[in-house]
$ cat start.cif   # mmCIF, C-alpha atoms
data_model
loop_
_atom_site.group_PDB
_atom_site.id
_atom_site.type_symbol
_atom_site.label_atom_id
_atom_site.label_comp_id
_atom_site.auth_asym_id
_atom_site.auth_seq_id
_atom_site.Cartn_x
_atom_site.Cartn_y
_atom_site.Cartn_z
ATOM 1 C CA LEU A 1 18.606 -42.265 -171.043
ATOM 2 C CA TYR A 2 17.688 -45.456 -172.911
ATOM 3 C CA GLU A 3 14.998 -46.530 -170.444
ATOM 4 C CA LYS A 4 13.366 -43.082 -170.460
ATOM 5 C CA VAL A 5 13.316 -42.956 -174.257
ATOM 6 C CA VAL A 6 11.814 -46.436 -174.540
ATOM 7 C CA ALA A 7 9.130 -45.611 -171.947
ATOM 8 C CA MET A 8 8.305 -42.396 -173.806
ATOM 9 C CA LEU A 9 8.023 -44.174 -177.170
ATOM 10 C CA LYS A 10 5.746 -46.839 -175.710
ATOM 11 C CA GLY A 11 3.642 -44.155 -174.037
ATOM 12 C CA ALA A 12 3.275 -42.514 -177.433
ATOM 13 C CA GLY A 13 2.063 -45.760 -178.978
ATOM 14 C CA ILE A 14 5.337 -46.662 -180.695
ATOM 15 C CA GLU A 15 5.387 -50.373 -179.885
ATOM 16 C CA PHE A 16 8.302 -52.563 -180.945
ATOM 17 C CA ARG A 17 10.159 -55.727 -180.073
ATOM 18 C CA ARG A 18 13.942 -55.637 -179.994
ATOM 19 C CA GLU A 19 15.680 -58.970 -180.317
ATOM 20 C CA ALA A 20 18.805 -59.629 -178.264
ATOM 21 C CA ARG A 21 22.029 -58.247 -179.769
ATOM 22 C CA LEU A 22 20.142 -56.517 -182.597
ATOM 23 C CA ASP A 23 20.315 -52.751 -183.089
ATOM 24 C CA VAL A 24 17.269 -52.601 -185.385
ATOM 25 C CA ALA A 25 13.604 -53.069 -184.486
ATOM 26 C CA LEU A 26 10.448 -52.824 -186.572
ATOM 27 C CA CYS A 27 7.511 -50.991 -185.019
ATOM 28 C CA ILE A 28 4.018 -52.418 -184.796
ATOM 29 C CA ASP A 29 1.147 -50.602 -186.567
ATOM 30 C CA VAL A 30 3.321 -47.641 -187.660
ATOM 31 C CA PRO A 31 5.781 -47.568 -190.598
ATOM 32 C CA ILE A 32 8.850 -46.827 -188.473
ATOM 33 C CA THR A 33 12.104 -48.735 -188.142
ATOM 34 C CA LEU A 34 14.062 -48.008 -184.971
ATOM 35 C CA VAL A 35 17.864 -48.043 -185.067
ATOM 36 C CA PHE A 36 19.717 -48.052 -181.743
ATOM 37 C CA LEU A 37 22.948 -46.052 -181.953
ATOM 38 C CA PRO A 38 25.404 -44.509 -179.480
ATOM 39 C CA ALA A 39 24.078 -41.105 -178.413
ATOM 40 C CA ALA A 40 27.241 -39.418 -179.733
ATOM 41 C CA ASP A 41 26.521 -40.653 -183.276
ATOM 42 C CA ILE A 42 22.808 -39.928 -183.578
ATOM 43 C CA ALA A 43 22.973 -36.275 -184.664
ATOM 44 C CA LYS A 44 25.428 -37.122 -187.462
ATOM 45 C CA TYR A 45 23.252 -39.942 -188.790
ATOM 46 C CA VAL A 46 20.218 -37.646 -188.764
ATOM 47 C CA GLY A 47 22.028 -34.637 -190.231
ATOM 48 C CA GLU A 48 24.114 -36.387 -192.880
ATOM 49 C CA GLY A 49 22.567 -39.821 -193.353
ATOM 50 C CA ASN A 50 19.184 -41.271 -194.218
ATOM 51 C CA VAL A 51 17.827 -41.332 -190.666
ATOM 52 C CA ASP A 52 14.665 -39.202 -190.480
ATOM 53 C CA ILE A 53 14.303 -38.672 -186.728
ATOM 54 C CA GLY A 54 16.532 -39.047 -183.687
ATOM 55 C CA ILE A 55 16.593 -38.526 -179.945
ATOM 56 C CA THR A 56 19.823 -37.265 -178.418
ATOM 57 C CA GLY A 57 21.194 -34.427 -176.298
ATOM 58 C CA GLN A 58 21.581 -30.806 -177.358
ATOM 59 C CA ASP A 59 25.250 -31.108 -176.361
ATOM 60 C CA ILE A 60 25.687 -33.883 -178.933
ATOM 61 C CA VAL A 61 23.985 -31.796 -181.619
ATOM 62 C CA SER A 62 26.385 -28.936 -180.862
ATOM 63 C CA GLU A 63 29.446 -31.199 -180.894
ATOM 64 C CA SER A 64 28.469 -32.993 -184.114
ATOM 65 C CA ASN A 65 28.552 -29.812 -186.239
ATOM 66 C CA VAL A 66 25.643 -30.931 -188.402
ATOM 67 C CA THR A 67 22.446 -29.224 -189.492
ATOM 68 C CA VAL A 68 19.310 -30.789 -188.035
ATOM 69 C CA ASN A 69 15.858 -29.514 -187.182
ATOM 70 C CA GLN A 70 15.362 -29.482 -183.407
ATOM 71 C CA ILE A 71 11.629 -30.013 -183.235
ATOM 72 C CA MET A 72 10.968 -30.432 -179.517
ATOM 73 C CA GLU A 73 12.618 -30.558 -176.114
ATOM 74 C CA LEU A 74 11.774 -33.723 -174.217
ATOM 75 C CA GLY A 75 12.265 -32.487 -170.662
ATOM 76 C CA PHE A 76 14.750 -35.054 -169.345
ATOM 77 C CA GLY A 77 18.510 -35.528 -169.387
ATOM 78 C CA LYS A 78 18.949 -31.928 -168.269
ATOM 79 C CA CYS A 79 22.481 -30.829 -167.394
ATOM 80 C CA LYS A 80 25.088 -28.178 -168.199
ATOM 81 C CA LEU A 81 28.337 -28.295 -170.147
ATOM 82 C CA CYS A 82 30.836 -26.386 -168.024
ATOM 83 C CA VAL A 83 34.477 -25.424 -167.813
ATOM 84 C CA GLN A 84 35.709 -26.856 -164.517
ATOM 85 C CA ALA A 85 39.000 -26.232 -162.745
ATOM 86 C CA PRO A 86 40.532 -27.506 -159.486
ATOM 87 C CA VAL A 87 39.239 -25.648 -156.440
ATOM 88 C CA SER A 88 42.853 -25.280 -155.301
ATOM 89 C CA SER A 89 43.739 -23.295 -158.435
ATOM 90 C CA ASN A 90 41.437 -20.419 -157.385
ATOM 91 C CA ILE A 91 40.554 -19.678 -161.026
ATOM 92 C CA THR A 92 37.413 -17.558 -161.295
ATOM 93 C CA ASN A 93 37.863 -16.063 -164.781
ATOM 94 C CA VAL A 94 37.672 -18.576 -167.626
ATOM 95 C CA GLU A 95 39.898 -16.316 -169.750
ATOM 96 C CA ASP A 96 42.803 -17.271 -167.466
ATOM 97 C CA LEU A 97 42.592 -20.825 -168.828
ATOM 98 C CA ALA A 98 43.136 -19.757 -172.455
ATOM 99 C CA GLY A 99 46.464 -21.164 -173.635
ATOM 100 C CA GLY A 100 46.308 -23.978 -171.092
ATOM 101 C CA ARG A 101 45.553 -27.680 -171.307
ATOM 102 C CA ILE A 102 41.880 -28.650 -171.483
ATOM 103 C CA VAL A 103 40.614 -32.239 -171.456
ATOM 104 C CA THR A 104 37.085 -33.019 -172.644
ATOM 105 C CA SER A 105 34.749 -35.377 -174.462
ATOM 106 C CA PHE A 106 33.522 -32.358 -176.475
ATOM 107 C CA PRO A 107 36.640 -31.187 -178.353
ATOM 108 C CA ASP A 108 34.939 -29.231 -181.146
ATOM 109 C CA THR A 109 32.615 -27.366 -178.799
ATOM 110 C CA THR A 110 35.540 -26.649 -176.474
ATOM 111 C CA LYS A 111 37.812 -25.401 -179.252
ATOM 112 C CA GLY A 112 35.047 -23.153 -180.516
ATOM 113 C CA PHE A 113 34.462 -21.778 -177.018
ATOM 114 C CA PHE A 114 38.124 -20.934 -176.375
ATOM 115 C CA LYS A 115 38.780 -19.537 -179.882
ATOM 116 C CA ASP A 116 37.695 -15.990 -179.013
ATOM 117 C CA TYR A 117 39.852 -16.005 -175.893
ATOM 118 C CA ASP A 118 42.837 -17.342 -177.860
ATOM 119 C CA ASP A 119 42.368 -14.704 -180.561
ATOM 120 C CA LYS A 120 42.206 -12.010 -177.914
ATOM 121 C CA LYS A 121 45.283 -13.176 -175.994
ATOM 122 C CA GLY A 122 47.319 -14.578 -178.879
ATOM 123 C CA THR A 123 47.386 -18.011 -177.256
ATOM 124 C CA THR A 124 46.621 -21.562 -178.379
ATOM 125 C CA THR A 125 44.570 -23.646 -176.003
ATOM 126 C CA LYS A 126 45.512 -27.331 -176.159
ATOM 127 C CA VAL A 127 42.299 -29.346 -176.219
ATOM 128 C CA SER A 128 42.659 -33.095 -175.710
ATOM 129 C CA PHE A 129 39.924 -35.699 -176.149
ATOM 130 C CA VAL A 130 39.141 -38.476 -173.685
ATOM 131 C CA SER A 131 36.072 -40.669 -173.923
ATOM 132 C CA GLY A 132 35.402 -40.981 -170.192
ATOM 133 C CA SER A 133 36.528 -40.134 -166.651
ATOM 134 C CA VAL A 134 37.087 -36.556 -167.751
ATOM 135 C CA GLU A 135 36.931 -35.307 -164.168
ATOM 136 C CA ALA A 136 40.105 -37.274 -163.312
ATOM 137 C CA ALA A 137 42.281 -35.420 -165.841
ATOM 138 C CA CYS A 138 43.318 -32.563 -163.555
ATOM 139 C CA GLY A 139 44.165 -34.777 -160.600
ATOM 140 C CA LEU A 140 46.242 -37.072 -162.826
ATOM 141 C CA GLY A 141 48.240 -34.191 -164.285
ATOM 142 C CA LEU A 142 46.762 -34.310 -167.769
ATOM 143 C CA ALA A 143 44.942 -30.976 -167.725
ATOM 144 C CA ASP A 144 44.702 -27.541 -166.151
ATOM 145 C CA ALA A 145 40.913 -27.711 -166.498
ATOM 146 C CA VAL A 146 38.215 -29.857 -168.054
ATOM 147 C CA VAL A 147 35.017 -29.279 -170.007
ATOM 148 C CA ASP A 148 32.395 -31.776 -168.918
ATOM 149 C CA LEU A 149 28.698 -32.207 -168.226
ATOM 150 C CA VAL A 150 27.397 -31.292 -164.780
ATOM 151 C CA GLU A 151 24.068 -32.638 -163.547
ATOM 152 C CA THR A 152 24.110 -32.664 -159.740
ATOM 153 C CA GLY A 153 27.765 -31.700 -159.299
ATOM 154 C CA THR A 154 28.512 -34.680 -157.041
ATOM 155 C CA THR A 155 31.183 -36.172 -159.318
ATOM 156 C CA MET A 156 32.724 -32.768 -159.936
ATOM 157 C CA LYS A 157 33.027 -31.991 -156.227
ATOM 158 C CA ALA A 158 34.416 -35.453 -155.468
ATOM 159 C CA ALA A 159 37.192 -34.753 -157.974
ATOM 160 C CA GLY A 160 38.008 -31.433 -156.307
ATOM 161 C CA LEU A 161 36.673 -29.351 -159.193
ATOM 162 C CA GLU A 162 34.369 -26.356 -159.424
ATOM 163 C CA VAL A 163 32.535 -24.616 -162.251
ATOM 164 C CA VAL A 164 34.412 -21.673 -163.728
ATOM 165 C CA HIS A 165 32.086 -21.019 -166.665
ATOM 166 C CA GLU A 166 28.915 -22.488 -168.149
ATOM 167 C CA ILE A 167 29.164 -23.105 -171.909
ATOM 168 C CA LEU A 168 25.648 -24.385 -172.598
ATOM 169 C CA THR A 169 22.609 -26.032 -171.060
ATOM 170 C CA THR A 170 21.390 -29.267 -172.575
ATOM 171 C CA GLN A 171 18.594 -31.806 -172.447
ATOM 172 C CA ALA A 172 17.239 -34.608 -174.604
ATOM 173 C CA VAL A 173 15.654 -33.363 -177.827
ATOM 174 C CA LEU A 174 13.786 -34.776 -180.795
ATOM 175 C CA ILE A 175 15.663 -33.886 -183.975
ATOM 176 C CA ALA A 176 14.776 -34.402 -187.614
ATOM 177 C CA ASN A 177 16.612 -34.611 -190.903
ATOM 178 C CA PRO A 178 15.976 -31.313 -192.744
ATOM 179 C CA HIS A 179 15.798 -33.287 -195.996
ATOM 180 C CA THR A 180 13.453 -36.026 -194.789
ATOM 181 C CA LYS A 181 11.112 -37.542 -197.345
ATOM 182 C CA HIS A 182 8.749 -38.641 -194.576
ATOM 183 C CA GLN A 183 7.622 -35.361 -193.047
ATOM 184 C CA ASP A 184 4.201 -36.867 -192.306
ATOM 185 C CA ILE A 185 5.814 -39.467 -190.041
ATOM 186 C CA VAL A 186 7.953 -36.806 -188.358
ATOM 187 C CA ASP A 187 4.849 -34.698 -187.681
ATOM 188 C CA MET A 188 2.917 -37.707 -186.389
ATOM 189 C CA LEU A 189 5.693 -38.687 -183.995
ATOM 190 C CA GLN A 190 6.000 -35.128 -182.745
ATOM 191 C CA ARG A 191 2.248 -34.989 -182.014
ATOM 192 C CA ARG A 192 2.337 -38.315 -180.222
ATOM 193 C CA LEU A 193 5.334 -37.442 -178.092
ATOM 194 C CA ASP A 194 3.924 -34.026 -177.261
ATOM 195 C CA GLY A 195 0.636 -35.640 -176.231
ATOM 196 C CA TYR A 196 2.378 -38.204 -174.053
ATOM 197 C CA ILE A 197 4.630 -35.624 -172.388
ATOM 198 C CA THR A 198 1.594 -33.448 -171.631
ATOM 199 C CA ALA A 199 -0.124 -36.463 -170.090
ATOM 200 C CA THR A 200 2.850 -37.090 -167.798
ATOM 201 C CA LYS A 201 2.839 -33.474 -166.608
ATOM 202 C CA PHE A 202 -0.881 -33.020 -165.955
ATOM 203 C CA VAL A 203 -3.845 -34.740 -164.324
ATOM 204 C CA MET A 204 -7.548 -34.094 -164.784
ATOM 205 C CA MET A 205 -9.176 -32.587 -161.700
ATOM 206 C CA MET A 206 -12.960 -32.708 -161.322
ATOM 207 C CA TYR A 207 -15.095 -31.201 -158.587
ATOM 208 C CA ASN A 208 -18.478 -29.670 -157.786
ATOM 209 C CA VAL A 209 -18.830 -26.128 -156.519
ATOM 210 C CA HIS A 210 -21.617 -23.704 -155.608
ATOM 211 C CA VAL A 211 -22.317 -21.118 -158.291
ATOM 212 C CA ASP A 212 -21.472 -18.321 -155.844
ATOM 213 C CA LEU A 213 -17.944 -19.778 -155.511
ATOM 214 C CA LEU A 214 -17.436 -20.680 -159.174
ATOM 215 C CA SER A 215 -15.418 -17.606 -160.081
ATOM 216 C CA GLU A 216 -12.980 -18.081 -157.203
ATOM 217 C CA ALA A 217 -12.738 -21.822 -157.847
ATOM 218 C CA THR A 218 -11.757 -21.372 -161.485
ATOM 219 C CA LYS A 219 -9.065 -18.919 -160.454
ATOM 220 C CA ILE A 220 -7.575 -21.693 -158.343
ATOM 221 C CA SER A 221 -7.864 -24.265 -161.166
ATOM 222 C CA PRO A 222 -7.829 -22.296 -164.431
ATOM 223 C CA GLY A 223 -6.785 -25.327 -166.500
ATOM 224 C CA LYS A 224 -4.222 -25.469 -169.281
ATOM 225 C CA ARG A 225 -6.367 -23.292 -171.522
ATOM 226 C CA SER A 226 -9.620 -22.914 -169.579
ATOM 227 C CA PRO A 227 -11.773 -25.138 -167.343
ATOM 228 C CA THR A 228 -14.801 -27.077 -168.555
ATOM 229 C CA ILE A 229 -17.961 -26.090 -166.643
ATOM 230 C CA THR A 230 -21.025 -28.330 -166.739
ATOM 231 C CA ALA A 231 -24.503 -27.760 -165.367
ATOM 232 C CA LEU A 232 -25.897 -30.146 -162.721
ATOM 233 C CA ASP A 233 -29.473 -31.080 -161.848
ATOM 234 C CA ASP A 234 -29.033 -28.901 -158.783
ATOM 235 C CA VAL A 235 -29.070 -25.408 -160.311
ATOM 236 C CA ASN A 236 -27.061 -24.063 -157.381
ATOM 237 C CA TYR A 237 -23.986 -26.127 -158.331
ATOM 238 C CA LYS A 238 -21.660 -26.577 -161.283
ATOM 239 C CA ALA A 239 -19.248 -29.382 -162.166
ATOM 240 C CA VAL A 240 -15.781 -28.221 -163.112
ATOM 241 C CA SER A 241 -13.050 -30.149 -164.938
ATOM 242 C CA SER A 242 -9.576 -28.762 -165.549
ATOM 243 C CA LEU A 243 -6.040 -29.880 -166.276
ATOM 244 C CA VAL A 244 -3.758 -29.403 -163.294
ATOM 245 C CA SER A 245 0.000 -29.753 -163.055
ATOM 246 C CA ARG A 246 1.027 -32.884 -161.168
ATOM 247 C CA LYS A 247 3.468 -30.777 -159.169
ATOM 248 C CA THR A 248 0.719 -28.565 -157.738
ATOM 249 C CA VAL A 249 -2.212 -30.992 -157.548
ATOM 250 C CA ASN A 250 -2.290 -31.409 -153.752
ATOM 251 C CA ASN A 251 -2.015 -27.683 -153.068
ATOM 252 C CA ILE A 252 -4.866 -27.012 -155.479
ATOM 253 C CA MET A 253 -7.033 -29.726 -153.918
ATOM 254 C CA ASP A 254 -6.453 -28.190 -150.486
ATOM 255 C CA ALA A 255 -7.310 -24.710 -151.739
ATOM 256 C CA LEU A 256 -10.527 -25.908 -153.410
ATOM 257 C CA HIS A 257 -11.530 -27.826 -150.292
ATOM 258 C CA ASP A 258 -10.954 -24.781 -148.120
ATOM 259 C CA LEU A 259 -13.019 -22.692 -150.549
ATOM 260 C CA GLY A 260 -15.961 -25.076 -150.262
ATOM 261 C CA ALA A 261 -15.696 -27.298 -153.345
ATOM 262 C CA THR A 262 -16.831 -30.906 -152.911
ATOM 263 C CA ASP A 263 -16.383 -34.301 -154.576
ATOM 264 C CA ILE A 264 -12.854 -33.378 -155.667
ATOM 265 C CA LEU A 265 -11.388 -36.134 -157.847
ATOM 266 C CA VAL A 266 -8.046 -36.492 -159.619
ATOM 267 C CA ILE A 267 -7.806 -38.729 -162.693
ATOM 268 C CA ASP A 268 -4.617 -39.837 -164.428
ATOM 269 C CA ILE A 269 -4.210 -39.024 -168.118
ATOM 270 C CA HIS A 270 -2.517 -41.720 -170.204
ATOM 271 C CA ASN A 271 -2.239 -39.747 -173.411
ATOM 272 C CA SER A 272 -3.535 -36.597 -175.059
ATOM 273 C CA ARG A 273 -3.702 -34.423 -178.157
ATOM 274 C CA MET A 274 -3.721 -30.696 -177.501
#
$ encode --input "start.cif" --output "structure tokens"
Amino acid sequence: LYEKVVAMLKGAGIEFRREARLDVALCIDVPITLVFLPAADIAKYVGEGNVDIGITGQDIVSESNVTVNQIMELGFGKCKLCVQAPVSSNITNVEDLAGGRIVTSFPDTTKGFFKDYDDKKGTTTKVSFVSGSVEAACGLGLADAVVDLVETGTTMKAAGLEVVHEILTTQAVLIANPHTKHQDIVDMLQRRLDGYITATKFVMMMYNVHVDLLSEATKISPGKRSPTITALDDVNYKAVSSLVSRKTVNNIMDALHDLGATDILVIDIHNSRM
């Protein structure tokens, strides 16, 4: 996720230069010092240390058992933390795995998940930690099942595993220290990131349309809040500007063209404040 985070920070105007082999970088024009840490450690530094803001996964926040303020979801790094068992075991009820051997990189989350099942059955689930290659644990005889992240499922299927139960969904999030002394900086960074993320999701669409078709046209392109309508020298036409989702832009252009709109333009947005 490093490249995505760096691109997002630069898009939000957080410029910095990181020297080789250094884990600290000073930002330009804003009073922020960046510290580059392993994702698994970030929530703990934010929740228990002097770090004001961090970017990590919701799964890491859950596993770290610390109190942080989750101030915004960033929309990337999406996956699910799941209990997975060998397809050949034919296990469909996760309760059947209580009391068994579970291998994971998320031991605290896993223990907490199986606690209710253990209390109910009077069993003790053995949870073992490995730092990587979790999916190999069943095939190598170390586990009856694993708890691991699933994004596309390709690695899981290659290891002969299938999802038995979904524990949580996760994505990258911006978190803040609840005791920060720099709330103004936290708020500023949140605004900047929110503006940049909005700019990556939307484009500005502009077109001209006859006044008789204006109502139908604005139904097709209602904008994020509402379209901007401007008078033209030709009293029979209006100019319309509206934010349009990048995912739907071509369908909307086609629909406006078929309606009778003209001079349809799409303009990239580099940043925004909403």
$ closest_atom_pairs --input "start.cif" --of "stretch 147-207 of chain A" --to "stretch 243-253 of chain A" --cutoff "7 Å" --atoms "only C-alpha atoms" --output "JSON lines"
{"residue": "A:Lys201", "atom": "CA", "partner": "A:Arg246", "partner_atom": "CA", "distance": 5.8}
{"residue": "A:Phe202", "atom": "CA", "partner": "A:Ser245", "partner_atom": "CA", "distance": 4.5}
{"residue": "A:Val203", "atom": "CA", "partner": "A:Val244", "partner_atom": "CA", "distance": 5.4}
{"residue": "A:Met204", "atom": "CA", "partner": "A:Leu243", "partner_atom": "CA", "distance": 4.7}
{"residue": "A:Met205", "atom": "CA", "partner": "A:Leu243", "partner_atom": "CA", "distance": 6.2}
$ write_last_selection --input "start.cif" --atoms "C-alpha atoms" --output "PDB file, in the coordinates of the input"
ATOM      1  CA  LYS A 201       2.839 -33.474-166.608  1.00  0.00           C
ATOM      2  CA  PHE A 202      -0.881 -33.020-165.955  1.00  0.00           C
ATOM      3  CA  VAL A 203      -3.845 -34.740-164.324  1.00  0.00           C
ATOM      4  CA  MET A 204      -7.548 -34.094-164.784  1.00  0.00           C
ATOM      5  CA  MET A 205      -9.176 -32.587-161.700  1.00  0.00           C
TER       6      MET A 205
END
$ resolve_selection --input "start.cif" --expression "the PyMOL selection byres ((chain A and resi 87) around 6)" --output "ChimeraX atom specification"
/A:86,88-90,160-162
$ closest_atom_pairs --input "start.cif" --of "stretch 65-113 of chain A" --to "stretch 45-54 of chain A" --cutoff "6 Å" --atoms "all atoms listed in the file" --output "JSON lines"
{"residue": "A:Val66", "atom": "CA", "partner": "A:Gly47", "partner_atom": "CA", "distance": 5.5}
{"residue": "A:Thr67", "atom": "CA", "partner": "A:Gly47", "partner_atom": "CA", "distance": 5.5}
{"residue": "A:Val68", "atom": "CA", "partner": "A:Gly47", "partner_atom": "CA", "distance": 5.2}
$ residues_near_point --input "start.cif" --point "(-14.5, -35.0, -153.3)" --cutoff "10 Å" --atoms "all atoms listed in the file" --output "number ranges by chain"
A: 206-208, 253, 256-257, 261-266
$ closest_atom_pairs --input "start.cif" --of "stretch 127-227 of chain A" --to "stretch 22-32 of chain A" --cutoff "12 Å" --atoms "only C-alpha atoms" --output "Markdown table"
| residue | atom | partner | partner_atom | distance |
| --- | --- | --- | --- | --- |
| A:His182 | CA | A:Ile32 | CA | 10.2 |
| A:Asp184 | CA | A:Pro31 | CA | 11.0 |
| A:Ile185 | CA | A:Ile32 | CA | 8.1 |
| A:Val186 | CA | A:Ile32 | CA | 10.1 |
| A:Met188 | CA | A:Val30 | CA | 10.0 |
| A:Leu189 | CA | A:Ile32 | CA | 9.8 |
| A:Arg192 | CA | A:Val30 | CA | 12.0 |
$ write_last_selection --input "start.cif" --atoms "C-alpha atoms" --output "PDB file, keeping the file's coordinate frame"
ATOM      1  CA  HIS A 182       8.749 -38.641-194.576  1.00  0.00           C
ATOM      2  CA  ASP A 184       4.201 -36.867-192.306  1.00  0.00           C
ATOM      3  CA  ILE A 185       5.814 -39.467-190.041  1.00  0.00           C
ATOM      4  CA  VAL A 186       7.953 -36.806-188.358  1.00  0.00           C
ATOM      5  CA  MET A 188       2.917 -37.707-186.389  1.00  0.00           C
ATOM      6  CA  LEU A 189       5.693 -38.687-183.995  1.00  0.00           C
ATOM      7  CA  ARG A 192       2.337 -38.315-180.222  1.00  0.00           C
TER       8      ARG A 192
END
$ residues_around --input "start.cif" --residues "stretch 9-11 of chain A" --least-positions-apart "2" --cutoff "9 Å" --atoms "all atoms listed in the file" --output "number ranges by chain"
A: 4-7, 13-16, 192-193, 196-197, 270-271
$ closest_residue --input "start.cif" --among "A:Gly77, A:Gly223, A:Pro107, A:Gly122" --to "A:Glu95" --atoms "all atoms listed in the file"
A:Gly122
$ residues_around --input "start.cif" --residues "A:His210" --least-positions-apart "4" --cutoff "10 Å" --atoms "all atoms listed in the file" --output "number ranges by chain"
A: 214-215, 217, 234-239, 260-262
$ resolve_selection --input "start.cif" --expression "the PyMOL selection byres ((chain A and resi 178) around 6)" --output "ChimeraX atom specification"
/A:68-69,177,179-180
$ atom_distance --input "start.cif" --atom1 "atom CA of A:Ile42" --atom2 "atom CA of A:Glu151"
21.4 Å
$ atom_distance --input "start.cif" --atom1 "atom CA of A:Val209" --atom2 "atom CA of A:Ser242"
13.2 Å
$ atom_distance --input "start.cif" --atom1 "atom CA of A:Tyr117" --atom2 "atom CA of A:Val83"
13.5 Å
$ residues_around --input "start.cif" --residues "A:His165" --least-positions-apart "2" --cutoff "12 Å" --atoms "all atoms listed in the file" --output "PDB file with C-alpha atoms, in the frame of the given file"
ATOM      1  CA  LYS A  80      25.088 -28.178-168.199  1.00  0.00           C
ATOM      2  CA  LEU A  81      28.337 -28.295-170.147  1.00  0.00           C
ATOM      3  CA  CYS A  82      30.836 -26.386-168.024  1.00  0.00           C
ATOM      4  CA  VAL A  83      34.477 -25.424-167.813  1.00  0.00           C
ATOM      5  CA  GLN A  84      35.709 -26.856-164.517  1.00  0.00           C
ATOM      6  CA  ALA A  85      39.000 -26.232-162.745  1.00  0.00           C
ATOM      7  CA  ILE A  91      40.554 -19.678-161.026  1.00  0.00           C
ATOM      8  CA  THR A  92      37.413 -17.558-161.295  1.00  0.00           C
ATOM      9  CA  ASN A  93      37.863 -16.063-164.781  1.00  0.00           C
ATOM     10  CA  VAL A  94      37.672 -18.576-167.626  1.00  0.00           C
ATOM     11  CA  GLU A  95      39.898 -16.316-169.750  1.00  0.00           C
ATOM     12  CA  ASP A  96      42.803 -17.271-167.466  1.00  0.00           C
ATOM     13  CA  LEU A  97      42.592 -20.825-168.828  1.00  0.00           C
ATOM     14  CA  THR A 110      35.540 -26.649-176.474  1.00  0.00           C
ATOM     15  CA  PHE A 113      34.462 -21.778-177.018  1.00  0.00           C
ATOM     16  CA  PHE A 114      38.124 -20.934-176.375  1.00  0.00           C
ATOM     17  CA  ALA A 145      40.913 -27.711-166.498  1.00  0.00           C
ATOM     18  CA  VAL A 146      38.215 -29.857-168.054  1.00  0.00           C
ATOM     19  CA  VAL A 147      35.017 -29.279-170.007  1.00  0.00           C
ATOM     20  CA  ASP A 148      32.395 -31.776-168.918  1.00  0.00           C
ATOM     21  CA  LEU A 149      28.698 -32.207-168.226  1.00  0.00           C
ATOM     22  CA  VAL A 150      27.397 -31.292-164.780  1.00  0.00           C
ATOM     23  CA  GLU A 162      34.369 -26.356-159.424  1.00  0.00           C
ATOM     24  CA  VAL A 163      32.535 -24.616-162.251  1.00  0.00           C
ATOM     25  CA  ILE A 167      29.164 -23.105-171.909  1.00  0.00           C
ATOM     26  CA  LEU A 168      25.648 -24.385-172.598  1.00  0.00           C
ATOM     27  CA  THR A 169      22.609 -26.032-171.060  1.00  0.00           C
TER      28      THR A 169
END
$ resolve_selection --input "start.cif" --expression "the PyMOL selection byres ((chain A and resi 136) around 10)" --output "MDAnalysis selection string"
chainID A and resid 103 132:135 137:143 146 155:156 158:161
$ write_last_selection --input "start.cif" --atoms "C-alpha atoms" --output "PDB file, keeping the file's coordinate frame"
ATOM      1  CA  VAL A 103      40.614 -32.239-171.456  1.00  0.00           C
ATOM      2  CA  GLY A 132      35.402 -40.981-170.192  1.00  0.00           C
ATOM      3  CA  SER A 133      36.528 -40.134-166.651  1.00  0.00           C
ATOM      4  CA  VAL A 134      37.087 -36.556-167.751  1.00  0.00           C
ATOM      5  CA  GLU A 135      36.931 -35.307-164.168  1.00  0.00           C
ATOM      6  CA  ALA A 137      42.281 -35.420-165.841  1.00  0.00           C
ATOM      7  CA  CYS A 138      43.318 -32.563-163.555  1.00  0.00           C
ATOM      8  CA  GLY A 139      44.165 -34.777-160.600  1.00  0.00           C
ATOM      9  CA  LEU A 140      46.242 -37.072-162.826  1.00  0.00           C
ATOM     10  CA  GLY A 141      48.240 -34.191-164.285  1.00  0.00           C
ATOM     11  CA  LEU A 142      46.762 -34.310-167.769  1.00  0.00           C
ATOM     12  CA  ALA A 143      44.942 -30.976-167.725  1.00  0.00           C
ATOM     13  CA  VAL A 146      38.215 -29.857-168.054  1.00  0.00           C
ATOM     14  CA  THR A 155      31.183 -36.172-159.318  1.00  0.00           C
ATOM     15  CA  MET A 156      32.724 -32.768-159.936  1.00  0.00           C
ATOM     16  CA  ALA A 158      34.416 -35.453-155.468  1.00  0.00           C
ATOM     17  CA  ALA A 159      37.192 -34.753-157.974  1.00  0.00           C
ATOM     18  CA  GLY A 160      38.008 -31.433-156.307  1.00  0.00           C
ATOM     19  CA  LEU A 161      36.673 -29.351-159.193  1.00  0.00           C
TER      20      LEU A 161
END
$ closest_residue --input "start.cif" --among "A:Thr198, A:Thr56, A:Gln70, A:Ser105" --to "A:Phe36" --atoms "all atoms listed in the file"
A:Thr56
